[in-house]
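Take a look at the structure set out below.
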Amino acid sequence: VKERGGNGYELFHSEMEAKSLERILLENELRKAIQLGQFHIDYQPKMDLSKNKIIGMEALVRWYHPELGKIPPNKFIPVAEETGLILPLGEWVLRRGCMQNKEWQQKGYPPLMISVNLSVRQLAHPYIVEKVREILEETKLEPQWLELEVTESILADVGHAADTLQQLREMGIHISIDDFGTGYSSFSYIKHLPVDTLKIDASFIRDIHKNEESQAIVQAVLTLARTLDINVIAEGVENEEQLAVLNEDGCVQGQGFLFSKPLSGEEFEKYLIEFAEI
Ligand code: C2E
Ligand code: CA
Ligand code: CA
Ligand code: CA
């Protein structure tokens with residue numbers, strides 16, 4: 001170890017230091033940003049593929065840091081999850097998203113479902129059900145217009161998760177399993193979970209028009225969902241070839257750059273005017 005170790009160890013050590021420094025920096029900035037309200041939400045349309053009609057939107061959090069610029073969610077959400085900052089941040093997204101959806105409804109646009117991502121950490125929080133109820137009461141959004149997207153990682157504590165999801169669902173909120181197919185044993189546990197929708201992970205959609213295995217997986221999910229009477233939505237639909245396969249296989253809902261990238265509130269409203277039948 002000694003002969004070849006010196007440099008290797010130092011390199012390793014300083015890499016670790018750099019990594020944790022970046023993390024600490026990010027954590028501090030995240031904390032400040034939550035206090036200062038440096039976040040906003042983009043909304044990505046969800047479509048009925050057979051009618052080419054908008055059916056809802058996913059709320060995606062955005063962080064624009066005054067000096068560091070745009071920081072992508074894949075960078076700061078994991079830090080927020082590790083540090084617990086996802087609790088205040090996630091609560092803000094939920095409140096702001098519900099408020100915005102209600103506002104659009106009051107302006108006379110056809111009512112749409114808003115989907116909000118809920119991290120495992122939030123779902124595991126003992127007061128999550130009360131919190132969601134409180135936000136709905138506060139914003140006066142009816143529960144049928146709210147969907148919560150949770151990932152398969154809720155399986156870590158599936159008993160507790162199922163119980164919480166059941167309570168949320170009894171309130172009239174929809175539950176969707178995000179990134180479906182990427183976790184383990186997706187198929188066997190799904191019948192035990194109270195869910196309305198399976199959101200097929202973008203990785204299967206990416207090559208669905210070129211790869212028989214991906215298409216077979218999507219078809220299997222569609223069959224499973226039909227049997228269990230669950231909705232399916234495909235995420236990451238980027239081109240017409242993918243759309244054609246999805247239509248052929250009977251996948252009715254989709255989301256992706258082919259229809260629209262995530263839009264600011266203002267842009268989304270313009271999209272509504274163009275796309276919703278008013
Ligand atoms: P996700 O929930 O799977 O969200 C979908 C991601 O795919 C979004 O990335 C979206 O912009 C992107 N996307 C949409 N259509 C396409 C497409 O056609 N092609 C490709 N290549 N990508 C597409 P984004 O906004 O960067 O978010 C990344 C992840 O960060 C999300 O993945 C979600 O896990 C997390 N996230 C975002 N907002 C929130 C939030 O408010 N709360 C929590 N807990 N997580 C969030
Ligand atoms: Ca999602
Ligand atoms: Ca997803
Ligand atoms: Ca994803």
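Identifiers in the structure tokens: chain A, B, ... in order shown; residue index from 1 per chain; ligand index from 1 in order shown.
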- Task: Taking only C-alpha atoms and all ligand atoms into account, report as a PyMOL selection string which residues have an atom no farther than 8 Å from an atom of ligand 3.
- Result: chain A and resi 151+178-180+199-202+235
Written file, previous selection with N, CA and C atoms, as an mmCIF file, in the first residue's frame:
```cif
data_model
loop_
_atom_site.group_PDB
_atom_site.id
_atom_site.type_symbol
_atom_site.label_atom_id
_atom_site.label_comp_id
_atom_site.auth_asym_id
_atom_site.auth_seq_id
_atom_site.Cartn_x
_atom_site.Cartn_y
_atom_site.Cartn_z
ATOM 1 N N THR A 151 -41.969 7.216 -5.924
ATOM 2 C CA THR A 151 -41.141 6.233 -6.628
ATOM 3 C C THR A 151 -41.186 4.884 -5.914
ATOM 4 N N ASP A 178 -44.058 6.506 -9.869
ATOM 5 C CA ASP A 178 -43.145 7.142 -10.816
ATOM 6 C C ASP A 178 -42.009 6.186 -11.188
ATOM 7 N N ASP A 179 -41.414 6.399 -12.358
ATOM 8 C CA ASP A 179 -40.247 5.615 -12.794
ATOM 9 C C ASP A 179 -40.542 4.123 -12.737
ATOM 10 N N PHE A 180 -41.765 3.751 -13.033
ATOM 11 C CA PHE A 180 -42.163 2.347 -12.857
ATOM 12 C C PHE A 180 -41.337 1.421 -13.747
ATOM 13 N N LYS A 199 -46.482 5.041 -13.883
ATOM 14 C CA LYS A 199 -45.818 5.899 -14.843
ATOM 15 C C LYS A 199 -44.576 5.171 -15.336
ATOM 16 N N ILE A 200 -44.644 4.685 -16.564
ATOM 17 C CA ILE A 200 -43.549 3.872 -17.099
ATOM 18 C C ILE A 200 -42.309 4.730 -17.277
ATOM 19 N N ASP A 201 -41.202 4.269 -16.727
ATOM 20 C CA ASP A 201 -39.969 5.046 -16.750
ATOM 21 C C ASP A 201 -39.506 5.353 -18.176
ATOM 22 N N ALA A 202 -38.949 6.548 -18.308
ATOM 23 C CA ALA A 202 -38.497 7.036 -19.619
ATOM 24 C C ALA A 202 -37.477 6.100 -20.280
ATOM 25 N N GLU A 235 -43.636 8.155 -19.808
ATOM 26 C CA GLU A 235 -42.900 9.417 -19.661
ATOM 27 C C GLU A 235 -41.697 9.444 -20.591
#
```
**Request:** Kindly work out which residues sit at most 8 Å from ligand 2, using only C-alpha atoms and all ligand atoms, and give the list as an MDAnalysis selection string.
**Result:** chainID A and resid 58 60 115:117 149:150 178:179
Go ahead and write the selection's residues with N, CA, C and O atoms as an mmCIF file, in the first residue's frame.
```
data_model
loop_
_atom_site.group_PDB
_atom_site.id
_atom_site.type_symbol
_atom_site.label_atom_id
_atom_site.label_comp_id
_atom_site.auth_asym_id
_atom_site.auth_seq_id
_atom_site.Cartn_x
_atom_site.Cartn_y
_atom_site.Cartn_z
ATOM 1 N N GLU A 58 -47.412 18.017 -14.696
ATOM 2 C CA GLU A 58 -46.541 17.659 -13.579
ATOM 3 C C GLU A 58 -45.801 18.901 -13.110
ATOM 4 O O GLU A 58 -45.252 19.652 -13.915
ATOM 5 N N LEU A 60 -42.690 20.564 -11.573
ATOM 6 C CA LEU A 60 -41.264 20.247 -11.446
ATOM 7 C C LEU A 60 -40.543 21.463 -10.869
ATOM 8 O O LEU A 60 -40.600 22.558 -11.430
ATOM 9 N N SER A 115 -49.948 16.909 -10.913
ATOM 10 C CA SER A 115 -49.149 15.848 -10.288
ATOM 11 C C SER A 115 -47.951 16.473 -9.598
ATOM 12 O O SER A 115 -47.221 17.254 -10.193
ATOM 13 N N VAL A 116 -47.782 16.120 -8.336
ATOM 14 C CA VAL A 116 -46.670 16.649 -7.556
ATOM 15 C C VAL A 116 -45.819 15.473 -7.079
ATOM 16 O O VAL A 116 -46.342 14.463 -6.621
ATOM 17 N N ASN A 117 -44.492 15.612 -7.230
ATOM 18 C CA ASN A 117 -43.592 14.554 -6.771
ATOM 19 C C ASN A 117 -43.486 14.585 -5.251
ATOM 20 O O ASN A 117 -43.302 15.637 -4.653
ATOM 21 N N GLU A 149 -46.970 11.724 -7.070
ATOM 22 C CA GLU A 149 -46.089 10.749 -7.717
ATOM 23 C C GLU A 149 -45.047 10.285 -6.716
ATOM 24 O O GLU A 149 -44.284 11.094 -6.193
ATOM 25 N N VAL A 150 -45.036 8.991 -6.456
ATOM 26 C CA VAL A 150 -44.034 8.434 -5.546
ATOM 27 C C VAL A 150 -43.222 7.372 -6.288
ATOM 28 O O VAL A 150 -43.745 6.715 -7.188
ATOM 29 N N ASP A 178 -44.058 6.506 -9.869
ATOM 30 C CA ASP A 178 -43.145 7.142 -10.816
ATOM 31 C C ASP A 178 -42.009 6.186 -11.188
ATOM 32 O O ASP A 178 -41.679 5.286 -10.421
ATOM 33 N N ASP A 179 -41.414 6.399 -12.358
ATOM 34 C CA ASP A 179 -40.247 5.615 -12.794
ATOM 35 C C ASP A 179 -40.542 4.123 -12.737
ATOM 36 O O ASP A 179 -39.649 3.312 -12.440
#
```
Fill in: Within 8 Å of segment 163-171 of chain A using only C-alpha atoms, minus same-chain residues under 5 positions, as a PyMOL selection string
chain A and resi 123+129+143+193-195
### Query
Where in segment 191-221 of chain A does DSSP assign strand (DSSP E), given as an MDAnalysis selection string?
chainID A and resid 197:200
List all protein, DNA and RNA residues that have any atom at most 7 Å from ligand 1, counting only C-alpha atoms and all ligand atoms, and write the list as a VMD selection string. chain A and resid 59 to 61 72 to 74 77 86 90 93 116 to 119 178 to 179 235 to 238 255 to 258 261 to 262
Distance in Å - atom CA of Leu49 of chain A versus atom CA of Gly254 of chain A: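 The value is 6.3 Å.
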(Q) Need to verify the contact set: Glu266 of chain A, 10 Å, only C-alpha atoms, exclusion of same-chain residues closer than 5 positions in sequence. Can you return it as number ranges by chain? (A) A: 42-43, 271-272
For those residues, write C-alpha atoms to a file as an mmCIF file, in the first residue's frame.
```
data_model
loop_
_atom_site.group_PDB
_atom_site.id
_atom_site.type_symbol
_atom_site.label_atom_id
_atom_site.label_comp_id
_atom_site.auth_asym_id
_atom_site.auth_seq_id
_atom_site.Cartn_x
_atom_site.Cartn_y
_atom_site.Cartn_z
ATOM 1 C CA ASP A 42 -42.344 24.524 -14.163
ATOM 2 C CA TYR A 43 -45.369 22.624 -15.424
ATOM 3 C CA TYR A 271 -50.404 26.422 -23.867
ATOM 4 C CA LEU A 272 -53.756 25.923 -22.124
#
```
Check the smallest atom-to-atom distance from each of A:Glu274, A:Glu152, A:Glu134, A:Asp229 to ligand 4 using only C-alpha atoms and all ligand atoms, then report the winner.
->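 Answer, going by the shortest atom-to-atom distance: A:Glu152.
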Choose the residue, out of A:Ser203, A:Thr197, A:His174, A:Lys107, that has the smallest atom-to-atom separation from ligand 4; count only C-alpha atoms and all ligand atoms.
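Distance minimum relative to ligand 4 lands on A:Ser203.
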Contact residues around Asp207 of chain A with only C-alpha atoms at 12 Å, ignoring same-chain residues under 3 positions, as a PyMOL selection string: chain A and resi 201-204+210-218+236-239+241-243+245-246
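Take the candidates A:Gly181, A:Phe187, A:Ala161, A:Pro110 and check each one against ligand 4 using only C-alpha atoms and all ligand atoms; the shortest distance goes to A:Gly181.
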Check: Counting only C-alpha atoms, what is within 7 Å of Tyr64 of chain A, bar same-chain residues fewer than 5 positions away, as a list in words?
Finding: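 Surrounding residues, per the criterion: Gln38, Phe39, Gly69, Lys70 and Ile71 of chain A.
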Would you mind exporting the chosen residues as a PDB file, in the first residue's frame, restricted to N, CA, C and O atoms?
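The resulting again12.pdb:
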```
ATOM      1  N   GLN A  38     -36.276  31.083  -3.246  1.00  0.00           N
ATOM      2  CA  GLN A  38     -35.623  31.190  -4.566  1.00  0.00           C
ATOM      3  C   GLN A  38     -36.105  30.143  -5.568  1.00  0.00           C
ATOM      4  O   GLN A  38     -35.453  29.929  -6.577  1.00  0.00           O
ATOM      5  N   PHE A  39     -37.204  29.484  -5.278  1.00  0.00           N
ATOM      6  CA  PHE A  39     -37.651  28.404  -6.159  1.00  0.00           C
ATOM      7  C   PHE A  39     -38.857  28.821  -6.989  1.00  0.00           C
ATOM      8  O   PHE A  39     -39.590  29.728  -6.614  1.00  0.00           O
ATOM      9  N   GLY A  69     -26.450  30.316 -10.757  1.00  0.00           N
ATOM     10  CA  GLY A  69     -27.332  30.093 -11.902  1.00  0.00           C
ATOM     11  C   GLY A  69     -28.310  28.958 -11.670  1.00  0.00           C
ATOM     12  O   GLY A  69     -28.612  28.613 -10.536  1.00  0.00           O
ATOM     13  N   LYS A  70     -28.760  28.366 -12.785  1.00  0.00           N
ATOM     14  CA  LYS A  70     -29.716  27.267 -12.707  1.00  0.00           C
ATOM     15  C   LYS A  70     -29.056  26.036 -12.102  1.00  0.00           C
ATOM     16  O   LYS A  70     -28.043  25.581 -12.604  1.00  0.00           O
ATOM     17  N   ILE A  71     -29.641  25.477 -11.075  1.00  0.00           N
ATOM     18  CA  ILE A  71     -29.141  24.222 -10.520  1.00  0.00           C
ATOM     19  C   ILE A  71     -30.203  23.150 -10.774  1.00  0.00           C
ATOM     20  O   ILE A  71     -31.343  23.297 -10.344  1.00  0.00           O
TER      21      ILE A  71
END
```
request  = Would you please give, as a ChimeraX atom specification, all residues of segment 127-222 of chain A that DSSP assigns to alpha helix (DSSP H) based on the backbone?
outcome  = /A:128-139,158-170,186-189,202-206,212-222
Glu82 of chain A proximity check over A:Leu94, A:Leu263, A:Val232, A:Val120, using only C-alpha atoms: winner is A:Val120
Skip Leu68 of chain A itself and residues of its chain fewer than 4 positions away, then list as a list in words all residues within 12 Å of it, counting only C-alpha atoms.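 Counting only the stated atoms, we get Leu25, Leu26, Glu29, Leu30, Ala33, Trp63, Tyr64 and Pro72 of chain A.
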With distances taken over only C-alpha atoms, the candidate from A:Ser153, A:Ser264, A:Thr223, A:Asn247 nearest Gly97 of chain A is A:Ser264
Inset, instruction - Kindly indicate which residue among A:Ala244, A:Leu146, A:Cys251, A:Ile54 lies nearest to Val221 of chain A, using only C-alpha atoms for the distances. - result: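 Of A:Ala244, A:Leu146, A:Cys251, A:Ile54, the one nearest Val221 of chain A is A:Cys251, counting only C-alpha atoms.
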